[in-house]
Amino acid sequence: MPRLDPSVVGRSSRLRARGAETIGRALHIIRTRHGSFTVGGGIFLAIVSALILSPWLSPYDPNAQELLQRLSSPSTQHWLGTDQFGRDVLSRLLIGGRFSVTVAAATIALSVIFGTILGVLCARAGGMVDEVTMRIVDLLIAFPDVLVALFLIALIGPGHVALIAALTVVGWTPFARMARSLALEINAKDYIMAAEVLGCSRSFIIFRHVIPNAYRPIAAITFLRFGHKLITVGALSFLGLGVQPPNSDWGAMLADALRFVERAPLLAFSPGFAIFITALAVTLIGQGLEAEVKPRKDQRESILGTESPSEGEETMKA
Amino acid sequence: MWTFILRRLVVMFVALVLVSVLAFLIPYMSGPEPTEMIIHSRVANLAIDQDTIDKMRIHLGLNRPLAIQYLDWLGDAIQGDFGFSFADRESVSVHIRTSIMVSITLALSALGLALVVALPLGAVAALKPGRRIDTFITFLTQSLVAIPEYWVAPFATLVFSVSLGWLPSAGWRGPEYVVLPALALALRPMAYFTRVTRAAMIDVLEAPYITAALSRGLGIGRTILRHGIRNAMPPVITLFAMWLAGLIGGAVVIEVIFSIPGMGRLLYEAVVNKDIPMIQGAIVCLVSFAILMSTLTDLMYVALNPTVGITDASA
């Protein structure tokens with residue numbers, strides 16, 4: 001039996017232990033609220049600035065074809081290789097991402113504005129307005145957004161307008177519900193009563209006091225929903241119902257690349273990975289913000305988990 | 001409680017009527033005039049004179065007031081008659097009946113798979129909140145939520161059907177055809193189920209009856225199985241119902257990738273081919289299903305916990 005050198009054994013297990021510790025610590029940084037926010041925010045900022053600066057950053061014209069270089073694998077000239085027409089994949093990813101992220105961001109922005117204002121109005125108005133709106137929310141909250149998108153596309157034809165409209169129609173509900181419950185809470189506070197006594201108008205109170213105090217939890221859902229919208233936008237473009245040719249986005253690039261997936265797997269891998277990493281980044285930001293909102297719950301509960309289903313529904317719904 | 005149930009049912013009824021009106025109006029809001037559209041669906045693009053169109057309009061009853069046409073259409077729709085597909089002249093309801101079974105099978109398999117993985121993961125994370133295993137599971141669920149299923153599916157096919165040849169890559173002819181699409185669909189619900197299980201379990205584990213069970217000498221494994229998981233179930237079930245409504249008809253991309261003849265692909269192809277009767281039928285069925293599911297979930301909640309109706313009415 002060969003004798004093991006105890007120092008070697010010790011070193012390797014120590015190394016392994018240290019490795020596990022490093023990974024554990026890295027995961028823990030992501031887990032804690034500031035860490036999650038910082039890591040997600042960093043990645044997201046990098047992606048967004050790359051997309052904004054893409055006309056200057058792109059190494060090639062995204063539509064320039066080099067037919068001799070078709071489906072080439074990554075090289076020093078083409079970092080991510082080329083597609084079936086010999087176009088530079090990295091440049092196309094940078095340009096395509098602008099559509100994906102812009103459409104998702106527009107959807108989310110419209111949903112937040114519409115949902116928040118409606119939710120706050122409901123809380124202040126009460127009565128029938130509140131009742132009717134909240135029942136609509138109840139119904140829409142479980143709707144598959146792809147379904148509504150297909151319905152609208154059947155009505156007004158494919159394109160990013162139909163896409164943004166469809167995703168907004170289903171997208172505003174969690175914001176309305178959240179804004180309403182926050183506003184009800186805030187309305188009961190003394191400073192609102194003080195403002196009322198001072199004779200401030202209703203809209204002044206809403207915009208000066210209620211919305212500024214409700215924005216953090218809303219910002220958290222905004223980012224969490226953003227990732228989901230990004231994936232849905234990609235899905236519809238993948239089906240050819242989103243961004244229309246000659247423009248292209250990540251979903252459409254992925255669909256185009258699938259025909260060559262056996263010859264050039266990386267071609268199909270990269271646009272999907274782009275969607276994934278962007279969605280992951282905004283999810284991390286959202287969870288960081290959410291943990292900030294309820295610090296004590298950080299250990300026990302995250303945005304997706306929930307104590308009472310009616311409260312957490314808006315975020316656990318896909 | 002009864003007013004809550006009644007109110008919920010009224011909402012459901014109003015929503016169903018609204019959806020049916022919208023679906024009825026699809027042919028009037030999109031593309032060419034309905035009579036011409038029907039004629040073209042039968043004779044392709046032959047030129048047709050105005051006289052024939054007028055005769056056809058009277059023949060089809062499309063010259064009647066819209067409200068009468070709507071009631072007529074609704075009467076047929078309630079009996080399951082949505083007319084005939086423009087694409088293959090087959091009855092729309094027959095198409096829908098076969099597709100919906102496929103979609104239900106797919107959705108249930110995916111959600112079952114998701115639950116089988118998520119319940120143990122959530123329970124393990126809940127047992128050691130804040131520890132390394134919990135951190136890892138949290139990170140895993142964060143990543144799963146961000147994965148586009150149409151990105152994973154082609155690569156899973158590449159590995160399991162093209163390279164290894166274990167599973168078929170597309171189609172719907174037997175149980176082995178369910179595996180890959182269900183796997184791709186299961187990832188995101190899996191993440192959400194894990195999160196909800198974890199949160200619910202942490203709450204349950206703090207309850208006195210768990211301490212009581214443990215102090216009676218019941219093993220930790222048994223305690224979790226008999227008391228923990230069971231009491232953590234209600235939120236998981238709600239989520240399950242929501243996902244079920246979402247995946248039937250919402251699994252469009254996966255159904256297209258794997259050529260599965262489900263509701264999602266049926267609607268997608270109808271939209272692409274501008275097959276109006278099919279779009280109407282599919283939309284009405286899917287949306288009614290989603291509305292029914294959300295109403296049922298709410299009612300189930302009241303049945304399980306009678307205070308729900310009271311708080312909801314006062315809030």
# chains A, B, ... in the order shown; residues from 1 in each chain; ligands from 1
>>> interface_residues(of="chain B", to="chain A", cutoff="8 Å", atoms="only C-alpha atoms", output="ChimeraX atom specification")
/B:11,26,29-30,129-130,132,135-136,138-139,142-143,145-148,150-151,154,158,189,192,195-200,202-203,235,238-239,242-243,245-247,249-250,252-253,267-268,271,274,279,283,287,290-291,294-295
>>> write_last_selection(atoms="C-alpha atoms", output="PDB file, in the first residue's frame")
ATOM      1  CA  VAL B  11     -66.972  39.488 -12.306  1.00  0.00           C
ATOM      2  CA  ILE B  26     -61.790  40.165 -34.520  1.00  0.00           C
ATOM      3  CA  MET B  29     -61.207  44.901 -36.717  1.00  0.00           C
ATOM      4  CA  SER B  30     -58.535  43.185 -38.766  1.00  0.00           C
ATOM      5  CA  PRO B 129     -31.920  29.319   6.290  1.00  0.00           C
ATOM      6  CA  GLY B 130     -28.926  31.517   5.642  1.00  0.00           C
ATOM      7  CA  ARG B 132     -24.413  27.674   2.445  1.00  0.00           C
ATOM      8  CA  THR B 135     -27.486  30.377  -0.390  1.00  0.00           C
ATOM      9  CA  PHE B 136     -26.754  27.954  -3.183  1.00  0.00           C
ATOM     10  CA  THR B 138     -31.355  30.749  -3.692  1.00  0.00           C
ATOM     11  CA  PHE B 139     -28.763  31.470  -6.352  1.00  0.00           C
ATOM     12  CA  GLN B 142     -32.435  33.222  -9.301  1.00  0.00           C
ATOM     13  CA  SER B 143     -30.654  31.760 -12.321  1.00  0.00           C
ATOM     14  CA  VAL B 145     -35.940  32.371 -13.368  1.00  0.00           C
ATOM     15  CA  ALA B 146     -33.724  34.159 -15.879  1.00  0.00           C
ATOM     16  CA  ILE B 147     -33.327  31.247 -18.316  1.00  0.00           C
ATOM     17  CA  PRO B 148     -35.316  31.608 -21.538  1.00  0.00           C
ATOM     18  CA  TYR B 150     -36.462  28.576 -25.949  1.00  0.00           C
ATOM     19  CA  TRP B 151     -32.720  28.815 -25.378  1.00  0.00           C
ATOM     20  CA  PRO B 154     -32.575  23.433 -28.551  1.00  0.00           C
ATOM     21  CA  LEU B 158     -28.815  18.663 -29.268  1.00  0.00           C
ATOM     22  CA  PRO B 189     -42.037  27.120 -12.300  1.00  0.00           C
ATOM     23  CA  TYR B 192     -40.948  29.781  -8.106  1.00  0.00           C
ATOM     24  CA  ARG B 195     -39.084  29.865  -3.326  1.00  0.00           C
ATOM     25  CA  VAL B 196     -42.636  29.523  -2.140  1.00  0.00           C
ATOM     26  CA  THR B 197     -42.016  26.150  -0.489  1.00  0.00           C
ATOM     27  CA  ARG B 198     -38.999  27.573   1.317  1.00  0.00           C
ATOM     28  CA  ALA B 199     -40.856  30.622   2.615  1.00  0.00           C
ATOM     29  CA  ALA B 200     -43.904  28.608   3.651  1.00  0.00           C
ATOM     30  CA  ILE B 202     -39.789  28.449   7.313  1.00  0.00           C
ATOM     31  CA  ASP B 203     -43.046  29.807   8.690  1.00  0.00           C
ATOM     32  CA  PRO B 235     -49.494  28.691  -1.250  1.00  0.00           C
ATOM     33  CA  THR B 238     -52.313  28.467  -5.557  1.00  0.00           C
ATOM     34  CA  LEU B 239     -49.133  28.940  -7.521  1.00  0.00           C
ATOM     35  CA  MET B 242     -51.830  29.941 -11.716  1.00  0.00           C
ATOM     36  CA  TRP B 243     -49.075  28.203 -13.643  1.00  0.00           C
ATOM     37  CA  ALA B 245     -53.619  28.352 -16.539  1.00  0.00           C
ATOM     38  CA  GLY B 246     -50.469  30.025 -17.802  1.00  0.00           C
ATOM     39  CA  LEU B 247     -48.893  26.983 -19.416  1.00  0.00           C
ATOM     40  CA  GLY B 249     -51.798  28.182 -24.225  1.00  0.00           C
ATOM     41  CA  GLY B 250     -48.800  30.025 -22.822  1.00  0.00           C
ATOM     42  CA  VAL B 252     -46.335  28.570 -27.415  1.00  0.00           C
ATOM     43  CA  VAL B 253     -42.582  28.651 -28.009  1.00  0.00           C
ATOM     44  CA  LEU B 267     -53.302  29.676 -31.852  1.00  0.00           C
ATOM     45  CA  TYR B 268     -49.875  30.675 -33.158  1.00  0.00           C
ATOM     46  CA  VAL B 271     -52.516  33.946 -36.143  1.00  0.00           C
ATOM     47  CA  LYS B 274     -54.969  34.635 -40.424  1.00  0.00           C
ATOM     48  CA  ILE B 279     -58.278  32.394 -33.675  1.00  0.00           C
ATOM     49  CA  ILE B 283     -58.893  32.740 -27.806  1.00  0.00           C
ATOM     50  CA  VAL B 287     -59.157  33.003 -22.000  1.00  0.00           C
ATOM     51  CA  ALA B 290     -57.732  31.340 -17.469  1.00  0.00           C
ATOM     52  CA  ILE B 291     -60.715  33.233 -16.053  1.00  0.00           C
ATOM     53  CA  SER B 294     -58.443  32.366 -11.355  1.00  0.00           C
ATOM     54  CA  THR B 295     -62.026  32.381 -10.075  1.00  0.00           C
TER      55      THR B 295
END
>>> select_by_dssp(residues="stretch 138-188 of chain A", states="alpha helix (DSSP H)", output="PyMOL selection string")
chain A and resi 138-140+145-156+160-171+173-187
>>> write_last_selection(atoms="C-alpha atoms", output="compact mmCIF listing (two decimals), in the first residue's frame")
# COMPACT_ATOMS: atom_id res chain seq x y z
CA ASP A 138 -57.60 39.82 -10.06
CA LEU A 139 -58.51 38.50 -13.47
CA LEU A 140 -55.56 39.78 -15.45
CA ASP A 145 -48.98 37.45 -21.61
CA VAL A 146 -48.02 35.52 -24.74
CA LEU A 147 -51.72 34.82 -25.20
CA VAL A 148 -52.70 38.48 -25.05
CA ALA A 149 -49.81 39.33 -27.36
CA LEU A 150 -51.02 36.79 -29.94
CA PHE A 151 -54.53 38.22 -29.65
CA LEU A 152 -53.36 41.78 -30.30
CA ILE A 153 -51.08 40.66 -33.11
CA ALA A 154 -54.11 38.98 -34.69
CA LEU A 155 -55.86 42.36 -34.51
CA ILE A 156 -53.19 44.87 -35.52
CA HIS A 160 -42.95 46.12 -31.75
CA VAL A 161 -46.00 48.36 -31.26
CA ALA A 162 -48.32 45.35 -30.87
CA LEU A 163 -45.73 43.77 -28.61
CA ILE A 164 -45.40 46.76 -26.28
CA ALA A 165 -49.17 47.26 -26.19
CA ALA A 166 -49.88 43.61 -25.44
CA LEU A 167 -47.29 43.31 -22.70
CA THR A 168 -48.48 46.53 -21.11
CA VAL A 169 -52.10 45.35 -21.10
CA VAL A 170 -51.15 42.45 -18.83
CA GLY A 171 -48.11 44.09 -17.24
CA THR A 173 -51.54 44.76 -12.73
CA PRO A 174 -48.83 44.00 -10.14
CA PHE A 175 -47.90 47.68 -9.98
CA ALA A 176 -51.50 48.74 -9.46
CA ARG A 177 -51.96 46.22 -6.65
CA MET A 178 -48.70 47.13 -4.95
CA ALA A 179 -49.20 50.88 -5.34
CA ARG A 180 -52.71 50.61 -3.95
CA SER A 181 -51.71 48.74 -0.82
CA LEU A 182 -48.73 51.05 -0.24
CA ALA A 183 -50.90 54.11 -0.73
CA LEU A 184 -53.49 52.81 1.73
CA GLU A 185 -50.71 52.41 4.25
CA ILE A 186 -49.25 55.85 3.58
CA ASN A 187 -52.65 57.54 3.55
>>> residues_around(residues="stretch 66-78 of chain B", least_positions_apart="6", cutoff="9 Å", atoms="only C-alpha atoms", output="ChimeraX atom specification")
/B:20-21,24-25,281,284
>>> closest_residue(among="B:Gln79, B:Ala23, B:Val272, B:Pro234", to="B:Ala303", atoms="only C-alpha atoms")
B:Pro234
>>> residues_around(residues="stretch 227-230 of chain B", least_positions_apart="3", cutoff="12 Å", atoms="only C-alpha atoms", output="count of residues only")
41
>>> residues_around(residues="A:Lys189", least_positions_apart="6", cutoff="12 Å", atoms="only C-alpha atoms", output="compact mmCIF listing (two decimals) with C-alpha atoms, in the first residue's frame")
# COMPACT_ATOMS: atom_id res chain seq x y z
CA LEU A 182 -48.73 51.05 -0.24
CA ALA A 183 -50.90 54.11 -0.73
CA ALA A 195 -51.15 68.03 4.25
CA GLU A 196 -54.90 67.65 4.01
CA HIS A 209 -46.17 62.56 -0.70
CA VAL A 210 -47.64 59.23 -1.71
CA ASN A 213 -42.83 57.25 -0.33
>>> closest_residue(among="A:Arg225, A:Arg124, A:Arg263, A:Arg216", to="A:Ser73", atoms="only C-alpha atoms")
A:Arg263
>>> closest_residue(among="A:Gly199, A:Leu57, A:Ser49, A:Ile206", to="A:Ala125", atoms="only C-alpha atoms")
A:Ile206
>>> atom_distance(atom1="atom CA of B:Ser99", atom2="atom CA of B:Arg265")
8.8 Å
